[in-house]
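**Q** Structure incoming, see below.
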Amino acid sequence: MLDWWFDIDNRICCARLDERKTASSIVFEGDVRLLFDDIKVLRSGLTYVYRTPENTCVSVNDVKFRGERYVSLYCDGRLVKEYNVRAERLKQKYYERPEVYDSVSKFVRRMTTACLAAAVFCAPAAAAVMSAFALFGTLSAALSATAALFALFFLFFAGVASFCYAQLHAQMARYAIISSVKKPKKRTRKKTFAGRKRKF
């Protein structure tokens, strides 16, 4: 959800827009009454114009530039705020679980646990379905197939989760939601066989 807070003649107004919808679905809340006035066509999008009974103009630009969608609100020609829609969606994902995107090791631990649980459920279920078609002649063959299915399901789920995480992580770094600079590793002093610290 995109929010704009602004004031008109000392009266507070808030504009809200679901970023998945167009700017035509914007909703105004607060002490100011805004009425739809006009739609203006821009080179890269549209402008939706609203006015108060006192003729104060509020316009919402919904444009696309170089593959990015930007939504901005102006009050009497003054920019209140501009949103990059894709960046805002990534921010929402980040704020849901910031510790996971800040630390790759935490993601790996959570992913491993989730993939193990999913594999434990899916492997016996798949083996049971295969057993129903009499694909296994002995119990040992069924157990071996279950173990193989468990490994395959785990690798599949882990691969999909890692791919999605890598894509999101790279996009968050691109929009500076998270830092793209790796922290330098601390250098540890190595000890010689005599127990003395080696000088660098």
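Identifiers in this document derive from the order of the structure tokens: chains are assigned A, B, ..., residues are numbered from 1 separately in each chain, and ligands are numbered from 1 in order of occurrence.
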As an mmCIF file with N, CA, C and O atoms, in the first residue's frame, please: every residue in stretch 3-200 of chain A that a backbone DSSP assignment puts in helix (DSSP H, G or I).
**A**
data_model
loop_
_atom_site.group_PDB
_atom_site.id
_atom_site.type_symbol
_atom_site.label_atom_id
_atom_site.label_comp_id
_atom_site.auth_asym_id
_atom_site.auth_seq_id
_atom_site.Cartn_x
_atom_site.Cartn_y
_atom_site.Cartn_z
ATOM 1 N N ALA A 23 -3.571 4.200 -10.756
ATOM 2 C CA ALA A 23 -3.791 5.382 -9.925
ATOM 3 C C ALA A 23 -5.239 5.839 -9.914
ATOM 4 O O ALA A 23 -5.624 6.661 -9.078
ATOM 5 N N SER A 24 -6.050 5.317 -10.824
ATOM 6 C CA SER A 24 -7.470 5.695 -10.842
ATOM 7 C C SER A 24 -8.208 5.181 -9.612
ATOM 8 O O SER A 24 -9.294 5.666 -9.286
ATOM 9 N N SER A 25 -7.630 4.190 -8.917
ATOM 10 C CA SER A 25 -8.297 3.617 -7.739
ATOM 11 C C SER A 25 -7.797 4.253 -6.434
ATOM 12 O O SER A 25 -8.046 3.715 -5.361
ATOM 13 N N VAL A 85 7.302 1.599 -7.658
ATOM 14 C CA VAL A 85 6.392 0.539 -7.235
ATOM 15 C C VAL A 85 7.130 -0.767 -6.959
ATOM 16 O O VAL A 85 6.884 -1.443 -5.961
ATOM 17 N N ARG A 86 8.059 -1.135 -7.832
ATOM 18 C CA ARG A 86 8.789 -2.387 -7.627
ATOM 19 C C ARG A 86 9.622 -2.328 -6.354
ATOM 20 O O ARG A 86 9.675 -3.290 -5.584
ATOM 21 N N ALA A 87 10.255 -1.196 -6.095
ATOM 22 C CA ALA A 87 11.057 -1.046 -4.882
ATOM 23 C C ALA A 87 10.193 -1.133 -3.634
ATOM 24 O O ALA A 87 10.593 -1.714 -2.618
ATOM 25 N N GLU A 88 8.991 -0.582 -3.691
ATOM 26 C CA GLU A 88 8.092 -0.638 -2.531
ATOM 27 C C GLU A 88 7.641 -2.065 -2.246
ATOM 28 O O GLU A 88 7.512 -2.468 -1.094
ATOM 29 N N ARG A 89 7.408 -2.856 -3.306
ATOM 30 C CA ARG A 89 7.036 -4.263 -3.096
ATOM 31 C C ARG A 89 8.182 -5.023 -2.435
ATOM 32 O O ARG A 89 7.967 -5.831 -1.525
ATOM 33 N N LEU A 90 9.395 -4.749 -2.875
ATOM 34 C CA LEU A 90 10.553 -5.412 -2.278
ATOM 35 C C LEU A 90 10.744 -4.976 -0.827
ATOM 36 O O LEU A 90 11.129 -5.786 0.024
ATOM 37 N N LYS A 91 10.465 -3.722 -0.526
ATOM 38 C CA LYS A 91 10.559 -3.248 0.860
ATOM 39 C C LYS A 91 9.574 -3.995 1.753
ATOM 40 O O LYS A 91 9.896 -4.360 2.883
ATOM 41 N N GLN A 92 8.364 -4.210 1.250
ATOM 42 C CA GLN A 92 7.372 -4.940 2.032
ATOM 43 C C GLN A 92 7.836 -6.362 2.307
ATOM 44 O O GLN A 92 7.676 -6.873 3.418
ATOM 45 N N LYS A 93 8.424 -7.018 1.307
ATOM 46 C CA LYS A 93 8.953 -8.366 1.509
ATOM 47 C C LYS A 93 10.086 -8.349 2.530
ATOM 48 O O LYS A 93 10.194 -9.243 3.372
ATOM 49 N N TYR A 94 10.926 -7.339 2.443
ATOM 50 C CA TYR A 94 12.064 -7.250 3.368
ATOM 51 C C TYR A 94 11.585 -7.057 4.808
ATOM 52 O O TYR A 94 12.076 -7.716 5.726
ATOM 53 N N TYR A 95 10.623 -6.163 5.018
ATOM 54 C CA TYR A 95 10.155 -5.875 6.375
ATOM 55 C C TYR A 95 9.388 -7.046 6.982
ATOM 56 O O TYR A 95 9.216 -7.102 8.199
ATOM 57 N N GLU A 96 8.906 -7.973 6.170
ATOM 58 C CA GLU A 96 8.244 -9.162 6.718
ATOM 59 C C GLU A 96 9.240 -10.063 7.439
ATOM 60 O O GLU A 96 8.927 -10.634 8.477
ATOM 61 N N PRO A 98 13.167 -9.281 7.896
ATOM 62 C CA PRO A 98 14.441 -8.596 7.614
ATOM 63 C C PRO A 98 15.665 -9.410 7.987
ATOM 64 O O PRO A 98 16.698 -9.327 7.322
ATOM 65 N N GLU A 99 15.562 -10.224 9.057
ATOM 66 C CA GLU A 99 16.734 -10.982 9.492
ATOM 67 C C GLU A 99 17.165 -12.013 8.455
ATOM 68 O O GLU A 99 18.351 -12.342 8.343
ATOM 69 N N VAL A 100 16.217 -12.522 7.662
ATOM 70 C CA VAL A 100 16.551 -13.527 6.649
ATOM 71 C C VAL A 100 17.330 -12.900 5.499
ATOM 72 O O VAL A 100 18.288 -13.482 4.985
ATOM 73 N N TYR A 101 16.918 -11.690 5.102
ATOM 74 C CA TYR A 101 17.587 -11.045 3.972
ATOM 75 C C TYR A 101 18.885 -10.357 4.392
ATOM 76 O O TYR A 101 19.739 -10.097 3.546
ATOM 77 N N ASP A 102 19.037 -10.073 5.675
ATOM 78 C CA ASP A 102 20.283 -9.480 6.162
ATOM 79 C C ASP A 102 21.364 -10.525 6.381
ATOM 80 O O ASP A 102 22.552 -10.212 6.348
ATOM 81 N N VAL A 104 22.546 -14.383 5.185
ATOM 82 C CA VAL A 104 22.352 -15.546 4.319
ATOM 83 C C VAL A 104 22.358 -16.835 5.140
ATOM 84 O O VAL A 104 21.631 -17.784 4.843
ATOM 85 N N SER A 105 23.163 -16.867 6.204
ATOM 86 C CA SER A 105 23.230 -18.076 7.033
ATOM 87 C C SER A 105 21.892 -18.383 7.693
ATOM 88 O O SER A 105 21.504 -19.548 7.815
ATOM 89 N N LYS A 106 21.160 -17.340 8.109
ATOM 90 C CA LYS A 106 19.842 -17.564 8.700
ATOM 91 C C LYS A 106 18.873 -18.104 7.659
ATOM 92 O O LYS A 106 18.036 -18.965 7.961
ATOM 93 N N PHE A 107 18.983 -17.596 6.435
ATOM 94 C CA PHE A 107 18.127 -18.124 5.369
ATOM 95 C C PHE A 107 18.433 -19.592 5.133
ATOM 96 O O PHE A 107 17.520 -20.408 4.968
ATOM 97 N N VAL A 108 19.714 -19.960 5.096
ATOM 98 C CA VAL A 108 20.101 -21.347 4.840
ATOM 99 C C VAL A 108 19.552 -22.266 5.924
ATOM 100 O O VAL A 108 19.035 -23.356 5.642
ATOM 101 N N ARG A 109 19.632 -21.828 7.177
ATOM 102 C CA ARG A 109 19.112 -22.657 8.279
ATOM 103 C C ARG A 109 17.607 -22.841 8.164
ATOM 104 O O ARG A 109 17.098 -23.957 8.301
ATOM 105 N N ARG A 110 16.889 -21.761 7.910
ATOM 106 C CA ARG A 110 15.437 -21.863 7.787
ATOM 107 C C ARG A 110 15.042 -22.672 6.554
ATOM 108 O O ARG A 110 14.100 -23.459 6.586
ATOM 109 N N MET A 111 15.747 -22.443 5.451
ATOM 110 C CA MET A 111 15.439 -23.180 4.230
ATOM 111 C C MET A 111 15.679 -24.668 4.425
ATOM 112 O O MET A 111 14.874 -25.502 3.986
ATOM 113 N N THR A 112 16.787 -25.026 5.083
ATOM 114 C CA THR A 112 17.095 -26.438 5.308
ATOM 115 C C THR A 112 16.009 -27.110 6.133
ATOM 116 O O THR A 112 15.553 -28.212 5.816
ATOM 117 N N THR A 113 15.573 -26.438 7.194
ATOM 118 C CA THR A 113 14.516 -26.989 8.043
ATOM 119 C C THR A 113 13.219 -27.175 7.262
ATOM 120 O O THR A 113 12.568 -28.226 7.337
ATOM 121 N N ALA A 114 12.837 -26.133 6.497
ATOM 122 C CA ALA A 114 11.587 -26.205 5.733
ATOM 123 C C ALA A 114 11.655 -27.273 4.647
ATOM 124 O O ALA A 114 10.695 -28.024 4.433
ATOM 125 N N CYS A 115 12.792 -27.371 3.957
ATOM 126 C CA CYS A 115 12.926 -28.355 2.879
ATOM 127 C C CYS A 115 12.957 -29.780 3.423
ATOM 128 O O CYS A 115 12.418 -30.702 2.807
ATOM 129 N N LEU A 116 13.591 -29.961 4.588
ATOM 130 C CA LEU A 116 13.587 -31.279 5.207
ATOM 131 C C LEU A 116 12.165 -31.704 5.575
ATOM 132 O O LEU A 116 11.761 -32.850 5.326
ATOM 133 N N ALA A 117 11.410 -30.770 6.155
ATOM 134 C CA ALA A 117 10.028 -31.084 6.532
ATOM 135 C C ALA A 117 9.189 -31.413 5.300
ATOM 136 O O ALA A 117 8.391 -32.359 5.308
ATOM 137 N N ALA A 118 9.367 -30.644 4.227
ATOM 138 C CA ALA A 118 8.601 -30.900 3.008
ATOM 139 C C ALA A 118 8.993 -32.231 2.383
ATOM 140 O O ALA A 118 8.135 -32.990 1.909
ATOM 141 N N ALA A 119 10.298 -32.545 2.394
ATOM 142 C CA ALA A 119 10.758 -33.807 1.816
ATOM 143 C C ALA A 119 10.274 -35.002 2.627
ATOM 144 O O ALA A 119 9.910 -36.042 2.072
ATOM 145 N N VAL A 120 10.260 -34.852 3.961
ATOM 146 C CA VAL A 120 9.773 -35.933 4.827
ATOM 147 C C VAL A 120 8.299 -36.232 4.540
ATOM 148 O O VAL A 120 7.868 -37.388 4.615
ATOM 149 N N PHE A 121 7.536 -35.232 4.205
ATOM 150 C CA PHE A 121 6.122 -35.439 3.891
ATOM 151 C C PHE A 121 5.928 -35.986 2.476
ATOM 152 O O PHE A 121 5.134 -36.912 2.260
ATOM 153 N N CYS A 122 6.655 -35.409 1.498
ATOM 154 C CA CYS A 122 6.420 -35.761 0.090
ATOM 155 C C CYS A 122 6.985 -37.127 -0.295
ATOM 156 O O CYS A 122 6.371 -37.849 -1.090
ATOM 157 N N ALA A 123 8.166 -37.485 0.252
ATOM 158 C CA ALA A 123 8.807 -38.738 -0.160
ATOM 159 C C ALA A 123 7.961 -39.960 0.191
ATOM 160 O O ALA A 123 7.705 -40.811 -0.683
ATOM 161 N N PRO A 124 7.480 -40.128 1.438
ATOM 162 C CA PRO A 124 6.634 -41.297 1.731
ATOM 163 C C PRO A 124 5.327 -41.296 0.938
ATOM 164 O O PRO A 124 4.843 -42.355 0.536
ATOM 165 N N ALA A 125 4.779 -40.077 0.718
ATOM 166 C CA ALA A 125 3.530 -40.002 -0.054
ATOM 167 C C ALA A 125 3.754 -40.479 -1.485
ATOM 168 O O ALA A 125 2.949 -41.250 -2.038
ATOM 169 N N ALA A 126 4.851 -40.029 -2.099
ATOM 170 C CA ALA A 126 5.144 -40.467 -3.466
ATOM 171 C C ALA A 126 5.445 -41.955 -3.517
ATOM 172 O O ALA A 126 5.013 -42.664 -4.446
ATOM 173 N N ALA A 127 6.158 -42.452 -2.508
ATOM 174 C CA ALA A 127 6.465 -43.885 -2.470
ATOM 175 C C ALA A 127 5.194 -44.714 -2.293
ATOM 176 O O ALA A 127 5.055 -45.801 -2.880
ATOM 177 N N ALA A 128 4.253 -44.204 -1.497
ATOM 178 C CA ALA A 128 2.991 -44.920 -1.293
ATOM 179 C C ALA A 128 2.192 -44.992 -2.590
ATOM 180 O O ALA A 128 1.584 -46.029 -2.910
ATOM 181 N N VAL A 129 2.189 -43.901 -3.346
ATOM 182 C CA VAL A 129 1.477 -43.904 -4.628
ATOM 183 C C VAL A 129 2.114 -44.902 -5.583
ATOM 184 O O VAL A 129 1.427 -45.651 -6.297
ATOM 185 N N MET A 130 3.447 -44.922 -5.614
ATOM 186 C CA MET A 130 4.144 -45.867 -6.492
ATOM 187 C C MET A 130 3.907 -47.312 -6.057
ATOM 188 O O MET A 130 3.798 -48.215 -6.892
ATOM 189 N N SER A 131 3.817 -47.529 -4.734
ATOM 190 C CA SER A 131 3.547 -48.878 -4.228
ATOM 191 C C SER A 131 2.159 -49.349 -4.623
ATOM 192 O O SER A 131 1.928 -50.548 -4.823
ATOM 193 N N ALA A 132 1.229 -48.402 -4.730
ATOM 194 C CA ALA A 132 -0.135 -48.767 -5.118
ATOM 195 C C ALA A 132 -0.182 -49.348 -6.524
ATOM 196 O O ALA A 132 -1.089 -50.118 -6.858
ATOM 197 N N LEU A 139 10.234 -55.029 0.217
ATOM 198 C CA LEU A 139 10.222 -53.921 1.162
ATOM 199 C C LEU A 139 11.507 -53.103 1.078
ATOM 200 O O LEU A 139 11.482 -51.875 1.180
ATOM 201 N N SER A 140 12.641 -53.779 0.883
ATOM 202 C CA SER A 140 13.911 -53.058 0.790
ATOM 203 C C SER A 140 13.942 -52.146 -0.428
ATOM 204 O O SER A 140 14.497 -51.033 -0.376
ATOM 205 N N ALA A 141 13.333 -52.598 -1.520
ATOM 206 C CA ALA A 141 13.266 -51.747 -2.717
ATOM 207 C C ALA A 141 12.412 -50.508 -2.456
ATOM 208 O O ALA A 141 12.741 -49.402 -2.902
ATOM 209 N N ALA A 142 11.328 -50.699 -1.708
ATOM 210 C CA ALA A 142 10.458 -49.566 -1.375
ATOM 211 C C ALA A 142 11.182 -48.573 -0.476
ATOM 212 O O ALA A 142 11.079 -47.354 -0.651
ATOM 213 N N LEU A 143 11.935 -49.098 0.514
ATOM 214 C CA LEU A 143 12.683 -48.206 1.414
ATOM 215 C C LEU A 143 13.776 -47.455 0.665
ATOM 216 O O LEU A 143 14.009 -46.262 0.908
ATOM 217 N N SER A 144 14.455 -48.148 -0.239
ATOM 218 C CA SER A 144 15.502 -47.490 -1.034
ATOM 219 C C SER A 144 14.910 -46.397 -1.917
ATOM 220 O O SER A 144 15.492 -45.310 -2.051
ATOM 221 N N ALA A 145 13.767 -46.685 -2.508
ATOM 222 C CA ALA A 145 13.114 -45.683 -3.355
ATOM 223 C C ALA A 145 12.660 -44.483 -2.534
ATOM 224 O O ALA A 145 12.770 -43.331 -2.975
ATOM 225 N N THR A 146 12.177 -44.732 -1.316
ATOM 226 C CA THR A 146 11.752 -43.635 -0.444
ATOM 227 C C THR A 146 12.932 -42.738 -0.087
ATOM 228 O O THR A 146 12.816 -41.506 -0.086
ATOM 229 N N ALA A 147 14.081 -43.373 0.221
ATOM 230 C CA ALA A 147 15.272 -42.582 0.541
ATOM 231 C C ALA A 147 15.719 -41.755 -0.660
ATOM 232 O O ALA A 147 16.100 -40.583 -0.526
ATOM 233 N N ALA A 148 15.666 -42.349 -1.849
ATOM 234 C CA ALA A 148 16.055 -41.621 -3.060
ATOM 235 C C ALA A 148 15.089 -40.465 -3.338
ATOM 236 O O ALA A 148 15.502 -39.356 -3.704
ATOM 237 N N LEU A 149 13.800 -40.720 -3.153
ATOM 238 C CA LEU A 149 12.797 -39.665 -3.349
ATOM 239 C C LEU A 149 12.988 -38.541 -2.335
ATOM 240 O O LEU A 149 12.820 -37.362 -2.671
ATOM 241 N N PHE A 150 13.335 -38.904 -1.099
ATOM 242 C CA PHE A 150 13.584 -37.891 -0.076
ATOM 243 C C PHE A 150 14.719 -36.961 -0.513
ATOM 244 O O PHE A 150 14.603 -35.727 -0.414
ATOM 245 N N ALA A 151 15.815 -37.539 -1.005
ATOM 246 C CA ALA A 151 16.953 -36.719 -1.454
ATOM 247 C C ALA A 151 16.559 -35.848 -2.641
ATOM 248 O O ALA A 151 16.921 -34.665 -2.709
ATOM 249 N N LEU A 152 15.798 -36.415 -3.575
ATOM 250 C CA LEU A 152 15.395 -35.651 -4.758
ATOM 251 C C LEU A 152 14.464 -34.494 -4.384
ATOM 252 O O LEU A 152 14.627 -33.372 -4.879
ATOM 253 N N PHE A 153 13.489 -34.772 -3.523
ATOM 254 C CA PHE A 153 12.577 -33.709 -3.098
ATOM 255 C C PHE A 153 13.327 -32.613 -2.348
ATOM 256 O O PHE A 153 13.072 -31.419 -2.544
ATOM 257 N N PHE A 154 14.253 -33.008 -1.471
ATOM 258 C CA PHE A 154 15.009 -32.006 -0.715
ATOM 259 C C PHE A 154 15.822 -31.127 -1.659
ATOM 260 O O PHE A 154 15.828 -29.897 -1.529
ATOM 261 N N LEU A 155 16.513 -31.738 -2.606
ATOM 262 C CA LEU A 155 17.321 -30.958 -3.551
ATOM 263 C C LEU A 155 16.447 -30.054 -4.414
ATOM 264 O O LEU A 155 16.820 -28.912 -4.715
ATOM 265 N N PHE A 156 15.275 -30.559 -4.805
ATOM 266 C CA PHE A 156 14.368 -29.749 -5.628
ATOM 267 C C PHE A 156 13.873 -28.526 -4.864
ATOM 268 O O PHE A 156 13.960 -27.388 -5.354
ATOM 269 N N PHE A 157 13.349 -28.750 -3.650
ATOM 270 C CA PHE A 157 12.829 -27.639 -2.856
ATOM 271 C C PHE A 157 13.935 -26.648 -2.501
ATOM 272 O O PHE A 157 13.735 -25.427 -2.547
ATOM 273 N N ALA A 158 15.106 -27.173 -2.142
ATOM 274 C CA ALA A 158 16.226 -26.291 -1.793
ATOM 275 C C ALA A 158 16.678 -25.476 -2.999
ATOM 276 O O ALA A 158 17.013 -24.287 -2.873
ATOM 277 N N GLY A 159 16.694 -26.103 -4.178
ATOM 278 C CA GLY A 159 17.087 -25.382 -5.387
ATOM 279 C C GLY A 159 16.123 -24.259 -5.732
ATOM 280 O O GLY A 159 16.543 -23.148 -6.063
ATOM 281 N N VAL A 160 14.823 -24.552 -5.657
ATOM 282 C CA VAL A 160 13.816 -23.533 -5.972
ATOM 283 C C VAL A 160 13.893 -22.383 -4.966
ATOM 284 O O VAL A 160 13.866 -21.196 -5.335
ATOM 285 N N ALA A 161 13.993 -22.723 -3.673
ATOM 286 C CA ALA A 161 14.053 -21.687 -2.641
ATOM 287 C C ALA A 161 15.316 -20.834 -2.786
ATOM 288 O O ALA A 161 15.262 -19.604 -2.657
ATOM 289 N N SER A 162 16.437 -21.456 -3.080
ATOM 290 C CA SER A 162 17.690 -20.717 -3.237
ATOM 291 C C SER A 162 17.643 -19.796 -4.445
ATOM 292 O O SER A 162 18.130 -18.662 -4.392
ATOM 293 N N PHE A 163 17.053 -20.274 -5.539
ATOM 294 C CA PHE A 163 16.947 -19.448 -6.742
ATOM 295 C C PHE A 163 16.083 -18.214 -6.475
ATOM 296 O O PHE A 163 16.459 -17.084 -6.822
ATOM 297 N N CYS A 164 14.924 -18.416 -5.851
ATOM 298 C CA CYS A 164 14.030 -17.292 -5.550
ATOM 299 C C CYS A 164 14.695 -16.309 -4.582
ATOM 300 O O CYS A 164 14.595 -15.085 -4.746
ATOM 301 N N TYR A 165 15.374 -16.846 -3.581
ATOM 302 C CA TYR A 165 16.045 -15.989 -2.607
ATOM 303 C C TYR A 165 17.153 -15.175 -3.274
ATOM 304 O O TYR A 165 17.299 -13.979 -3.007
ATOM 305 N N ALA A 166 17.929 -15.812 -4.137
ATOM 306 C CA ALA A 166 19.022 -15.101 -4.808
ATOM 307 C C ALA A 166 18.485 -13.966 -5.675
ATOM 308 O O ALA A 166 19.071 -12.875 -5.716
ATOM 309 N N GLN A 167 17.358 -14.207 -6.350
ATOM 310 C CA GLN A 167 16.753 -13.166 -7.182
ATOM 311 C C GLN A 167 16.292 -11.992 -6.322
ATOM 312 O O GLN A 167 16.565 -10.826 -6.640
ATOM 313 N N LEU A 168 15.577 -12.283 -5.232
ATOM 314 C CA LEU A 168 15.094 -11.221 -4.357
ATOM 315 C C LEU A 168 16.248 -10.472 -3.709
ATOM 316 O O LEU A 168 16.236 -9.238 -3.603
ATOM 317 N N HIS A 169 17.261 -11.208 -3.261
ATOM 318 C CA HIS A 169 18.411 -10.597 -2.597
ATOM 319 C C HIS A 169 19.134 -9.636 -3.544
ATOM 320 O O HIS A 169 19.518 -8.523 -3.148
ATOM 321 N N ALA A 170 19.300 -10.047 -4.797
ATOM 322 C CA ALA A 170 19.976 -9.197 -5.774
ATOM 323 C C ALA A 170 19.158 -7.942 -6.077
ATOM 324 O O ALA A 170 19.715 -6.843 -6.205
ATOM 325 N N GLN A 171 17.831 -8.084 -6.174
ATOM 326 C CA GLN A 171 16.985 -6.929 -6.444
ATOM 327 C C GLN A 171 16.965 -5.972 -5.264
ATOM 328 O O GLN A 171 16.981 -4.750 -5.441
ATOM 329 N N MET A 172 16.947 -6.512 -4.042
ATOM 330 C CA MET A 172 16.980 -5.652 -2.858
ATOM 331 C C MET A 172 18.291 -4.876 -2.773
ATOM 332 O O MET A 172 18.314 -3.708 -2.373
ATOM 333 N N ALA A 173 19.382 -5.521 -3.150
ATOM 334 C CA ALA A 173 20.666 -4.823 -3.172
ATOM 335 C C ALA A 173 20.679 -3.756 -4.262
ATOM 336 O O ALA A 173 21.241 -2.666 -4.080
ATOM 337 N N ARG A 174 20.035 -4.040 -5.378
ATOM 338 C CA ARG A 174 19.981 -3.069 -6.482
ATOM 339 C C ARG A 174 19.256 -1.803 -6.075
ATOM 340 O O ARG A 174 19.653 -0.691 -6.450
#
**Q** Skipping near chain neighbours, those fewer than 6 positions away, what residues fall within 10 Å of A:Arg43 using only C-alpha atoms, listed as a VMD selection string?
**A** chain A and resid 63 to 65
**Q** What does the structure give for the distance between atom CA of A:Ala15 and atom CA of A:Gly77, in Å to one decimal?
**A**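 Going from atom CA of A:Ala15 over to atom CA of A:Gly77, I get 16.1 Å.
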**Q** Need the shell around A:Asp76: protein/DNA/RNA residues with any atom at most 9 Å away, counting only C-alpha atoms. Skip same-chain ones fewer than 3 positions apart. Format as a list in words?
**A**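 The neighbour list is Thr56, Cys57, Val58, Ser59 and Leu79 of chain A.
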**Q** Now that the selection is made, can you save its residues with C-alpha atoms as a PDB file, in the first residue's frame?
**A**
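Wrote out_34.pdb, looks like this:
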ATOM      1  CA  THR A  56      -6.770  23.388  -4.921  1.00  0.00           C
ATOM      2  CA  CYS A  57      -5.309  20.956  -7.446  1.00  0.00           C
ATOM      3  CA  VAL A  58      -4.022  17.507  -6.494  1.00  0.00           C
ATOM      4  CA  SER A  59      -2.606  15.395  -9.311  1.00  0.00           C
ATOM      5  CA  LEU A  79       5.820  17.163  -5.249  1.00  0.00           C
TER       6      LEU A  79
END
**Q** Need to verify the contact set: A:Phe36, 10 Å, only C-alpha atoms, exclusion of same-chain residues closer than 2 positions in sequence. Can you return it as a list in words?
**A** Ser24, Leu34, Asp38, Ile39, Tyr48, Val49, Tyr50, Arg51, Thr52, Val58 and Ser59 of chain A
**Q** Just the selected residues (N, CA, C and O atoms), exported as a tab-separated table (two decimals), in the first residue's frame, please.
**A**
chain	number	residue	atom	x	y	z
A	24	SER	N	-6.05	5.32	-10.82
A	24	SER	CA	-7.47	5.69	-10.84
A	24	SER	C	-8.21	5.18	-9.61
A	24	SER	O	-9.29	5.67	-9.29
A	34	LEU	N	-11.92	15.91	-1.91
A	34	LEU	CA	-11.32	15.99	-3.23
A	34	LEU	C	-12.24	15.33	-4.25
A	34	LEU	O	-12.73	14.23	-4.03
A	38	ASP	N	-10.09	15.50	-13.98
A	38	ASP	CA	-9.69	15.28	-15.37
A	38	ASP	C	-8.59	14.20	-15.43
A	38	ASP	O	-7.96	13.88	-14.42
A	39	ILE	N	-8.41	13.66	-16.62
A	39	ILE	CA	-7.30	12.74	-16.91
A	39	ILE	C	-6.48	13.35	-18.03
A	39	ILE	O	-7.01	13.70	-19.09
A	48	TYR	N	-3.91	11.84	-13.16
A	48	TYR	CA	-5.28	11.95	-12.66
A	48	TYR	C	-5.37	13.20	-11.80
A	48	TYR	O	-4.64	13.35	-10.82
A	49	VAL	N	-6.26	14.11	-12.18
A	49	VAL	CA	-6.36	15.42	-11.53
A	49	VAL	C	-7.60	15.46	-10.64
A	49	VAL	O	-8.70	15.09	-11.06
A	50	TYR	N	-7.39	15.93	-9.40
A	50	TYR	CA	-8.48	16.10	-8.44
A	50	TYR	C	-8.44	17.54	-7.93
A	50	TYR	O	-7.38	18.16	-7.88
A	51	ARG	N	-9.60	18.05	-7.53
A	51	ARG	CA	-9.67	19.43	-7.03
A	51	ARG	C	-10.58	19.49	-5.79
A	51	ARG	O	-11.51	18.70	-5.65
A	52	THR	N	-10.26	20.45	-4.94
A	52	THR	CA	-11.10	20.72	-3.79
A	52	THR	C	-12.14	21.78	-4.18
A	52	THR	O	-11.99	22.43	-5.22
A	58	VAL	N	-4.83	18.65	-6.89
A	58	VAL	CA	-4.02	17.51	-6.49
A	58	VAL	C	-3.97	16.56	-7.69
A	58	VAL	O	-5.00	16.14	-8.19
A	59	SER	N	-2.76	16.26	-8.14
A	59	SER	CA	-2.61	15.40	-9.31
A	59	SER	C	-1.75	14.18	-8.96
A	59	SER	O	-0.81	14.28	-8.18
**Q** As number ranges by chain, please: all residues of stretch 12-133 of chain A that backbone DSSP puts in strand (DSSP E or B).
**A** A: 12-17, 27-30, 35-41, 45-51, 57-65, 68-75, 78-84
**Q** Atom CA of A:Asp62 and atom CA of A:Asp31 are how many Å apart?
**A**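 Computing it gives 24.5 Å between the two atoms.
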**Q** Mind checking which residues fall within 8 Å of A:Ile12, counting only C-alpha atoms, ignoring those fewer than 4 positions away in the same chain, and posting them as a list in words?
**A**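 Within the cut-off, the hits are Trp5, Phe6, Asp7, Ile8, Gly30, Asp31 and Val32 of chain A.
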**Q** Of the candidates A:Ser179, A:Ser103, A:Ser44, A:Asn61, which shows the shortest atom-to-atom distance to A:Ile26, using only C-alpha atoms?
**A**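 Residue with the minimum atom-to-atom distance to A:Ile26: A:Asn61.
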**Q** In Å, how far is it from atom CA of A:Lys40 to atom CA of A:Met1?
**A**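 These two atoms are separated by 23.9 Å.
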**Q** Can you list, as number ranges by chain, every protein, DNA or RNA residue that comes within 6 Å of A:Ser72 when you count only C-alpha atoms, leaving out same-chain residues fewer than 2 positions away?
**A** A: 60-61, 81-82
**Q** Deliver the residues from the most recent selection as a file, using all heavy atoms, as a compact mmCIF listing (two decimals), in the first residue's frame.
**A**
# COMPACT_ATOMS: atom_id res chain seq x y z
N VAL A 60 -2.09 13.04 -9.57
CA VAL A 60 -1.38 11.79 -9.35
C VAL A 60 -0.85 11.31 -10.70
O VAL A 60 -1.63 11.05 -11.61
CB VAL A 60 -2.30 10.73 -8.74
CG1 VAL A 60 -1.52 9.45 -8.47
CG2 VAL A 60 -2.93 11.24 -7.45
N ASN A 61 0.46 11.22 -10.81
CA ASN A 61 1.10 10.73 -12.04
C ASN A 61 1.36 9.24 -11.91
O ASN A 61 1.91 8.78 -10.92
CB ASN A 61 2.42 11.45 -12.29
CG ASN A 61 2.22 12.92 -12.62
OD1 ASN A 61 1.10 13.38 -12.79
ND2 ASN A 61 3.31 13.65 -12.71
N LYS A 81 5.46 13.19 -2.78
CA LYS A 81 6.34 12.02 -2.73
C LYS A 81 6.16 11.20 -4.00
O LYS A 81 5.07 11.13 -4.55
CB LYS A 81 6.05 11.16 -1.50
CG LYS A 81 7.08 10.07 -1.26
CD LYS A 81 6.86 9.38 0.07
CE LYS A 81 7.96 8.37 0.34
NZ LYS A 81 7.79 7.70 1.65
N GLU A 82 7.28 10.57 -4.42
CA GLU A 82 7.25 9.68 -5.56
C GLU A 82 7.65 8.29 -5.12
O GLU A 82 8.60 8.12 -4.36
CB GLU A 82 8.19 10.17 -6.66
CG GLU A 82 8.18 9.30 -7.90
CD GLU A 82 9.11 9.82 -8.98
OE1 GLU A 82 10.32 9.85 -8.74
OE2 GLU A 82 8.60 10.21 -10.05
**Q** I'd like the contact shell of A:Phe28 - 7 Å cut-off, only C-alpha atoms, skipping same-chain residues fewer than 3 positions apart - returned as a list in words.
**A**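 Once the adjacent positions are removed, what remains is Cys13, Cys14, Ala15 and Arg16 of chain A.
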